[in-house]
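Peer 1: Here it is, the structure, as structure tokens.
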Amino acid sequence: MELYEAIKTRRSIRKFKPDPVPREVITKILEMATWAPSGLNWQQWHFLVVTGPKKDEVARSYGRIVEFGMPPAGQRSPQQEGFLQWAKTLGGAPVVIVALSPAHGHPALRKMNLESVAASFSHLLLAATSEGLGTCWMTGPLNNEAELRKVLAVPDDKEIVAITPLGYPAESPVAAPRKKLDEVVTWIGF
Ligand SMILES: Cc1cc2nc3c(=O)[nH]c(=O)nc-3n(C[C@H](O)[C@H](O)[C@H](O)COP(=O)(O)O)c2cc1C
């Protein structure tokens with residue numbers, strides 16, 4: 001798939017087919033992620049590729065976070081129920097990828113590390129699109145980062161940057177409208 005097409009057709013997918021993703025395909029998109037630029041060329045990224053019961057635990061943790069902010073069962077709108085269902089199961093995705101960054105006490109270096117990992121995560125999402133896979137960049141699960149760290153045995157010298165489910169999409173959401181360029185760009189010296 002051509003790059004601009006991947007950029008424009010990537011959507012946040014919240015419903016997946018149960019079909020497994022071949023390990024070679026996962027490996028390929030991870031390799032694409034490692035071609036991202038990185039501060040000081042430290043290549044700060046580390047990825048956890050999770051399936052099975054640990055993946056289900058990640059989903060349940062996010063489900064609890066989402067449920068906490070909602071009205072009790074019976075008083076929820078269909079949209080709220082739908083979102084909760086997505087959260088509890090991560091849309092039935094067979095795999096979850098978690099991006100980690102080295103923890104750094106110095107604010108500027110921490111920022112540099114986070115930006116490097118975010119760049120690689122963006123590459124990963126686009127490569128996944130190119131392979132016909134769905135993803136959803138997520139930071140909501142970090143609202144209970146302590147639990148997530150425990151479930152995934154994340155060492156103290158790493159911080160979790162983002163999470164994505166990975167699998168073959170079972171929905172084709174319409175694109176969220178984008179702000180006009182005029183609203184987000186200031187041309188200087190032109
Ligand atoms: C930093 C970041 C955090 C996000 N966290 C979540 C999340 O926790 N749960 C979720 O369902 N979507 C999450 N999203 C997905 C956004 O809702 C989505 O990107 C946005 O609505 C635009 O839709 P699109 O990705 O289909 O273009 C996140 C996206 C980003 C970039």
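By convention in this document, the chains of the structure tokens carry letters A, B, ... by their order, each chain's residues are numbered from 1, and ligands are numbered from 1 in the order they are shown.
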Give me the residues near region 134-148 of chain A as a count of residues only, where near means some atom within 8 Å (using only C-alpha atoms) and where sequence neighbours in that chain fewer than 6 positions away do not count.

Peer 2: 22

Peer 1: DSSP on the backbone: what in chain A comes out helix (DSSP H, G or I), as number ranges by chain?

Peer 2: A: 3-9, 23-33, 39-41, 52-68, 78-92, 107-130, 140-152, 181-184

Peer 1: Do you have the CA of Thr129 (chain A)-atom 10 (C, counted along the ligand's line) of ligand 1 distance handy?

Peer 2: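 Between CA of Thr129 (chain A) and atom 10 (C, counted along the ligand's line) of ligand 1 the gap is 17.0 Å.
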
Peer 1: Which one is closest to ligand 1: A:Pro94, A:Gly63, A:Gly189, A:Gly105? Count only C-alpha atoms and all ligand atoms.

Peer 2: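 Residue with the minimum atom-to-atom distance to ligand 1: A:Gly63.
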
Peer 1: Please measure the separation of CA of Leu124 (chain A) and atom 15 (C, counted along the ligand's line) of ligand 1, giving the value in Å to one decimal.

Peer 2: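 Distance between the two atoms: 14.6 Å.
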